[in-house]
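Containing CSV, N, CA and C atoms: final_33.csv.
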chain,number,residue,atom,x,y,z
G,1,MET,N,0.8,-1.2,0.0
G,1,MET,CA,0.0,0.0,0.0
G,1,MET,C,0.9,1.2,0.0
G,2,GLN,N,0.3,2.3,-0.4
G,2,GLN,CA,1.0,3.6,-0.5
G,2,GLN,C,0.6,4.5,0.6
G,3,TYR,N,0.6,4.1,1.8
G,3,TYR,CA,0.1,5.0,2.9
G,3,TYR,C,1.2,6.0,3.2
G,4,ASN,N,0.9,7.2,3.1
G,4,ASN,CA,1.8,8.3,3.4
G,4,ASN,C,1.8,8.5,4.9
G,5,LEU,N,2.8,8.0,5.6
G,5,LEU,CA,2.8,8.0,7.1
G,5,LEU,C,2.9,9.4,7.6
G,6,ARG,N,3.7,10.3,7.0
G,6,ARG,CA,3.9,11.6,7.5
G,6,ARG,C,2.6,12.4,7.4
G,7,HIS,N,1.9,12.3,6.2
G,7,HIS,CA,0.7,13.1,6.0
G,7,HIS,C,-0.6,12.3,6.3
G,8,ARG,N,-0.4,11.1,6.7
G,8,ARG,CA,-1.6,10.2,7.1
G,8,ARG,C,-2.6,10.2,6.0
G,9,ASN,N,-2.2,9.8,4.8
G,9,ASN,CA,-3.0,9.9,3.6
G,9,ASN,C,-2.9,8.6,2.9
G,10,LEU,N,-4.0,8.2,2.3
G,10,LEU,CA,-4.1,7.0,1.5
G,10,LEU,C,-4.7,7.4,0.2
G,11,PRO,N,-4.1,7.1,-1.0
G,11,PRO,CA,-4.7,7.6,-2.2
G,11,PRO,C,-6.1,6.9,-2.5
G,12,ALA,N,-6.9,7.7,-3.2
G,12,ALA,CA,-8.3,7.3,-3.4
G,12,ALA,C,-8.4,5.9,-4.1
G,13,HIS,N,-7.5,5.7,-5.1
G,13,HIS,CA,-7.6,4.5,-5.9
G,13,HIS,C,-7.2,3.3,-5.0
G,14,ILE,N,-6.4,3.5,-4.0
G,14,ILE,CA,-6.0,2.4,-3.1
G,14,ILE,C,-7.2,2.1,-2.2
G,15,ILE,N,-7.9,3.1,-1.8
G,15,ILE,CA,-9.1,2.9,-1.0
G,15,ILE,C,-10.2,2.1,-1.8
G,16,ARG,N,-10.4,2.5,-3.0
G,16,ARG,CA,-11.4,1.8,-3.8
G,16,ARG,C,-11.0,0.4,-4.0
G,17,HIS,N,-9.7,0.2,-4.4
G,17,HIS,CA,-9.3,-1.2,-4.6
G,17,HIS,C,-9.4,-2.1,-3.4
G,18,SER,N,-9.0,-1.5,-2.3
G,18,SER,CA,-9.0,-2.3,-1.0
G,18,SER,C,-10.5,-2.6,-0.6
G,19,LEU,N,-11.4,-1.6,-0.9
G,19,LEU,CA,-12.8,-1.9,-0.6
G,19,LEU,C,-13.3,-3.0,-1.5
G,20,GLU,N,-12.9,-3.0,-2.7
G,20,GLU,CA,-13.4,-4.1,-3.6
G,20,GLU,C,-12.9,-5.4,-3.2
G,21,VAL,N,-11.6,-5.5,-2.8
G,21,VAL,CA,-11.0,-6.7,-2.3
G,21,VAL,C,-11.7,-7.2,-1.1
G,22,LEU,N,-11.9,-6.3,-0.1
G,22,LEU,CA,-12.6,-6.7,1.1
G,22,LEU,C,-14.0,-7.2,0.9
G,23,SER,N,-14.7,-6.5,0.0
G,23,SER,CA,-16.1,-6.9,-0.3
G,23,SER,C,-16.1,-8.2,-1.0
G,24,SER,N,-15.2,-8.5,-1.9
G,24,SER,CA,-15.1,-9.8,-2.6
G,24,SER,C,-14.8,-10.9,-1.5
G,25,LEU,N,-13.9,-10.6,-0.7
G,25,LEU,CA,-13.5,-11.6,0.4
G,25,LEU,C,-14.7,-11.9,1.3
G,26,SER,N,-15.4,-10.8,1.7
G,26,SER,CA,-16.5,-11.0,2.5
G,26,SER,C,-17.6,-11.8,1.8
G,27,GLU,N,-17.9,-11.5,0.6
G,27,GLU,CA,-18.9,-12.2,-0.2
G,27,GLU,C,-18.6,-13.7,-0.3
G,28,ARG,N,-17.3,-14.0,-0.5
G,28,ARG,CA,-16.9,-15.4,-0.6
G,28,ARG,C,-16.8,-16.1,0.8
G,29,LEU,N,-16.5,-15.4,1.8
G,29,LEU,CA,-16.3,-16.0,3.1
G,29,LEU,C,-17.7,-16.3,3.8
G,30,ASN,N,-18.6,-15.4,3.7
G,30,ASN,CA,-19.9,-15.6,4.4
G,30,ASN,C,-20.6,-16.9,4.0
G,31,PRO,N,-20.8,-17.3,2.7
G,31,PRO,CA,-21.4,-18.6,2.4
G,31,PRO,C,-20.6,-19.7,3.0
G,32,ILE,N,-19.3,-19.6,2.9
G,32,ILE,CA,-18.5,-20.7,3.4
G,32,ILE,C,-18.7,-20.9,4.9
G,33,VAL,N,-18.8,-19.8,5.7
G,33,VAL,CA,-19.0,-19.9,7.1
G,33,VAL,C,-20.4,-20.5,7.4
G,34,ARG,N,-21.4,-20.0,6.7
G,34,ARG,CA,-22.7,-20.6,6.9
G,34,ARG,C,-22.8,-22.1,6.6
G,35,GLU,N,-22.1,-22.5,5.5
G,35,GLU,CA,-22.1,-23.9,5.1
G,35,GLU,C,-21.3,-24.7,6.1
G,36,LEU,N,-20.2,-24.2,6.6
G,36,LEU,CA,-19.4,-24.9,7.6
G,36,LEU,C,-20.2,-25.1,8.9
G,37,GLN,N,-20.9,-24.0,9.3
G,37,GLN,CA,-21.7,-24.1,10.5
G,37,GLN,C,-22.8,-25.1,10.4
G,38,THR,N,-23.5,-25.1,9.2
G,38,THR,CA,-24.6,-26.0,9.0
G,38,THR,C,-24.1,-27.4,9.0
G,39,GLN,N,-23.1,-27.7,8.2
G,39,GLN,CA,-22.6,-29.1,8.0
G,39,GLN,C,-22.0,-29.7,9.3
G,40,LEU,N,-21.2,-28.9,10.0
G,40,LEU,CA,-20.6,-29.4,11.2
G,40,LEU,C,-21.6,-29.6,12.3
G,41,GLY,N,-22.6,-28.6,12.4
G,41,GLY,CA,-23.6,-28.7,13.4
G,41,GLY,C,-24.6,-29.9,13.2
G,42,ARG,N,-24.7,-30.2,11.9
G,42,ARG,CA,-25.7,-31.3,11.6
G,42,ARG,C,-25.1,-32.7,11.8
G,43,THR,N,-23.8,-32.8,11.4
G,43,THR,CA,-23.2,-34.2,11.3
G,43,THR,C,-22.3,-34.6,12.4
G,44,LEU,N,-21.3,-33.7,12.7
G,44,LEU,CA,-20.2,-34.1,13.5
G,44,LEU,C,-20.3,-33.7,15.0
G,45,TYR,N,-20.7,-32.5,15.2
G,45,TYR,CA,-20.6,-31.9,16.5
G,45,TYR,C,-22.0,-31.3,16.9
G,46,SER,N,-22.1,-31.0,18.2
G,46,SER,CA,-23.3,-30.3,18.6
G,46,SER,C,-23.3,-28.9,18.2
G,47,VAL,N,-24.5,-28.3,18.0
G,47,VAL,CA,-24.6,-26.9,17.5
G,47,VAL,C,-23.8,-26.0,18.4
G,48,ASN,N,-23.9,-26.2,19.8
G,48,ASN,CA,-23.2,-25.3,20.7
G,48,ASN,C,-21.7,-25.4,20.5
G,49,ASP,N,-21.2,-26.6,20.3
G,49,ASP,CA,-19.7,-26.7,20.1
G,49,ASP,C,-19.3,-26.0,18.8
G,50,VAL,N,-20.1,-26.1,17.8
G,50,VAL,CA,-19.8,-25.5,16.5
G,50,VAL,C,-19.8,-23.9,16.7
G,51,ASP,N,-20.9,-23.5,17.3
G,51,ASP,CA,-21.0,-22.0,17.6
G,51,ASP,C,-19.8,-21.5,18.4
G,52,GLU,N,-19.4,-22.2,19.4
G,52,GLU,CA,-18.2,-21.8,20.2
G,52,GLU,C,-17.0,-21.7,19.4
G,53,TRP,N,-16.7,-22.8,18.6
G,53,TRP,CA,-15.6,-22.8,17.7
G,53,TRP,C,-15.6,-21.7,16.7
G,54,MET,N,-16.7,-21.4,16.1
G,54,MET,CA,-16.8,-20.3,15.1
G,54,MET,C,-16.6,-19.0,15.8
G,55,GLU,N,-17.1,-18.8,17.0
G,55,GLU,CA,-16.8,-17.6,17.7
G,55,GLU,C,-15.4,-17.4,18.0
G,56,GLN,N,-14.7,-18.4,18.4
G,56,GLN,CA,-13.3,-18.3,18.8
G,56,GLN,C,-12.3,-18.2,17.6
G,57,ASN,N,-12.7,-18.8,16.4
G,57,ASN,CA,-11.8,-18.8,15.3
G,57,ASN,C,-12.2,-18.0,14.1
G,58,ILE,N,-13.5,-17.8,13.9
G,58,ILE,CA,-13.9,-17.1,12.6
G,58,ILE,C,-14.5,-15.7,12.9
G,59,LEU,N,-15.2,-15.6,14.0
G,59,LEU,CA,-15.9,-14.3,14.2
G,59,LEU,C,-14.9,-13.1,14.3
G,60,GLY,N,-13.7,-13.3,14.8
G,60,GLY,CA,-12.7,-12.2,14.9
G,60,GLY,C,-12.4,-11.7,13.5
G,61,LEU,N,-12.2,-12.7,12.6
G,61,LEU,CA,-11.8,-12.3,11.2
G,61,LEU,C,-13.0,-11.6,10.5
G,62,LEU,N,-14.2,-12.0,10.7
G,62,LEU,CA,-15.3,-11.4,10.1
G,62,LEU,C,-15.5,-9.9,10.7
G,63,LEU,N,-15.3,-9.8,12.0
G,63,LEU,CA,-15.4,-8.5,12.6
G,63,LEU,C,-14.3,-7.5,12.1
G,64,ASP,N,-13.1,-8.1,12.0
G,64,ASP,CA,-12.0,-7.3,11.4
G,64,ASP,C,-12.3,-6.8,10.0
G,65,ILE,N,-12.8,-7.7,9.2
G,65,ILE,CA,-13.2,-7.3,7.8
G,65,ILE,C,-14.2,-6.2,7.8
G,66,LYS,N,-15.2,-6.4,8.7
G,66,LYS,CA,-16.3,-5.4,8.8
G,66,LYS,C,-15.8,-4.0,9.2
G,67,THR,N,-14.9,-4.0,10.2
G,67,THR,CA,-14.3,-2.8,10.8
G,67,THR,C,-13.5,-2.1,9.7
G,68,ILE,N,-12.7,-2.8,9.0
G,68,ILE,CA,-11.8,-2.2,8.0
G,68,ILE,C,-12.7,-1.7,6.8
G,69,LYS,N,-13.7,-2.4,6.4
G,69,LYS,CA,-14.6,-1.9,5.4
G,69,LYS,C,-15.3,-0.6,5.8
G,70,GLN,N,-15.7,-0.5,7.1
G,70,GLN,CA,-16.4,0.7,7.5
G,70,GLN,C,-15.4,1.8,7.5
G,71,SER,N,-14.1,1.6,7.9
G,71,SER,CA,-13.1,2.6,7.9
G,71,SER,C,-12.9,3.1,6.5
G,72,LEU,N,-12.8,2.2,5.5
G,72,LEU,CA,-12.5,2.6,4.1
G,72,LEU,C,-13.7,3.3,3.6
G,73,VAL,N,-14.9,3.0,3.9
G,73,VAL,CA,-16.1,3.7,3.4
G,73,VAL,C,-16.1,5.1,4.0
G,74,ARG,N,-15.7,5.3,5.3
G,74,ARG,CA,-15.6,6.6,5.8
G,74,ARG,C,-14.5,7.4,5.1
G,75,MET,N,-13.4,6.8,4.8
G,75,MET,CA,-12.3,7.5,4.1
G,75,MET,C,-12.7,7.8,2.7
G,76,LYS,N,-13.5,7.0,2.1
G,76,LYS,CA,-13.9,7.2,0.7
G,76,LYS,C,-14.8,8.5,0.5
G,77,LYS,N,-15.5,8.9,1.6
G,77,LYS,CA,-16.4,10.0,1.6
G,77,LYS,C,-15.6,11.3,1.4
G,78,TYR,N,-14.3,11.4,1.7
G,78,TYR,CA,-13.6,12.6,1.6
G,78,TYR,C,-13.3,12.9,0.1
G,79,TRP,N,-13.7,14.1,-0.3
G,79,TRP,CA,-13.4,14.6,-1.7
G,79,TRP,C,-12.1,15.3,-1.7
G,80,HIS,N,-11.8,16.0,-0.6
G,80,HIS,CA,-10.5,16.7,-0.5
G,80,HIS,C,-9.9,16.4,0.8
G,81,TRP,N,-8.7,15.9,0.7
G,81,TRP,CA,-7.9,15.5,1.9
G,81,TRP,C,-7.2,16.7,2.4
G,82,PRO,N,-7.4,17.1,3.6
G,82,PRO,CA,-6.6,18.2,4.1
G,82,PRO,C,-5.1,17.9,4.2
G,83,LYS,N,-4.3,18.9,4.2
G,83,LYS,CA,-2.8,18.7,4.2
G,83,LYS,C,-2.4,17.8,5.4
G,84,ARG,N,-2.9,18.1,6.5
G,84,ARG,CA,-2.7,17.3,7.7
G,84,ARG,C,-4.0,16.8,8.3
G,85,GLN,N,-4.4,15.7,7.9
G,85,GLN,CA,-5.7,15.2,8.3
G,85,GLN,C,-5.8,14.9,9.8
G,86,PHE,N,-4.8,14.3,10.3
G,86,PHE,CA,-4.7,14.0,11.7
G,86,PHE,C,-3.4,14.4,12.2
G,87,PRO,N,-3.2,14.7,13.5
G,87,PRO,CA,-1.9,15.0,14.0
G,87,PRO,C,-1.0,13.8,13.8
G,88,THR,N,0.2,14.1,13.4
G,88,THR,CA,1.2,13.0,13.1
G,88,THR,C,1.8,12.6,14.4
G,89,ASN,N,2.2,11.3,14.5
G,89,ASN,CA,2.8,10.7,15.6
G,89,ASN,C,4.3,10.6,15.3
G,90,GLU,N,5.1,11.5,15.8
G,90,GLU,CA,6.5,11.5,15.4
G,90,GLU,C,7.2,10.2,15.9
G,91,GLU,N,6.8,9.7,17.1
G,91,GLU,CA,7.4,8.5,17.6
G,91,GLU,C,7.1,7.3,16.7
G,92,LEU,N,5.9,7.2,16.2
G,92,LEU,CA,5.6,6.1,15.3
G,92,LEU,C,6.4,6.3,14.0
G,93,ILE,N,6.5,7.5,13.5
G,93,ILE,CA,7.3,7.7,12.3
G,93,ILE,C,8.7,7.2,12.5
G,94,ARG,N,9.3,7.6,13.6
G,94,ARG,CA,10.7,7.2,13.9
G,94,ARG,C,10.8,5.6,13.9
G,95,GLU,N,9.8,5.0,14.5
G,95,GLU,CA,9.8,3.5,14.7
G,95,GLU,C,9.8,2.9,13.3
G,96,VAL,N,8.9,3.4,12.4
G,96,VAL,CA,8.7,2.8,11.1
G,96,VAL,C,10.0,3.0,10.3
G,97,VAL,N,10.6,4.2,10.3
G,97,VAL,CA,11.8,4.5,9.6
G,97,VAL,C,12.9,3.6,10.1
G,98,LYS,N,13.0,3.4,11.4
G,98,LYS,CA,14.0,2.5,12.0
G,98,LYS,C,13.9,1.1,11.5
G,99,ARG,N,12.6,0.6,11.5
G,99,ARG,CA,12.4,-0.8,11.0
G,99,ARG,C,12.7,-0.9,9.6
G,100,THR,N,12.4,0.1,8.8
G,100,THR,CA,12.7,0.1,7.4
G,100,THR,C,14.2,0.0,7.1
G,101,ARG,N,15.0,0.8,7.9
G,101,ARG,CA,16.4,0.8,7.7
G,101,ARG,C,17.0,-0.6,8.2
G,102,ASP,N,16.5,-1.1,9.3
G,102,ASP,CA,17.0,-2.4,9.8
G,102,ASP,C,16.7,-3.6,8.8
G,103,GLY,N,15.7,-3.4,8.0
G,103,GLY,CA,15.4,-4.4,7.0
G,103,GLY,C,14.5,-5.4,7.4
Could I get this file's structure written as structure tokens?
Amino acid sequence: MQYNLRHRNLPAHIIRHSLEVLSSLSERLNPIVRELQTQLGRTLYSVNDVDEWMEQNILGLLLDIKTIKQSLVRMKKYWHWPKRQFPTNEELIREVVKRTRDG
């Protein structure tokens, strides 16, 4: 990604592309999750066990995808990005530069 750390800016085409990728991933993942839940709950394990496993292993991923999509949608609403959208975190910038140099 081309995230400008100093200006806290992400180009619009990257936002659109990321949103498309996340939407596609979400569309493919949701039916798989439903099918997995149905088949495992019907044949191998109790429904409660399947629900617990899904909550521990899959729900976090789905919530992360949803949160990132919401953030991208909010970012997509901006027509004009201010020069300094948010205050920069100089300590974070130093850490990223240090990691980049260290390889």
(request) Report the distance between atom N of Val73 in chain G and atom C of Ile15 in chain G in Å, rounded to one decimal place. (result) 7.4 Å
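For the pair atom C of Gln39 in chain G and atom N of Ser23 in chain G, the interatomic distance is 26.0 Å.
Taking atom N of Leu22 in chain G and CA of Leu62 in chain G as the two end points, the separation is 11.9 Å.
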(message) What's around Ile68 in chain G at 10 Å? Count only C-alpha atoms, leave out sequence neighbours fewer than 4 positions away in its own chain, and write the answer as a list in words.
(response) Ser18, Leu19, Leu22, Leu63, Asp64, Leu72, Val73 and Arg74 of chain G
(message) Taking 6 positions as the minimum chain separation for residues in the same chain, which residues sit within 10 Å of range 25-30 of chain G when counting only C-alpha atoms? Answer as a PyMOL selection string.
(response) chain G and resi 19+36+58+61-62+65-66+69
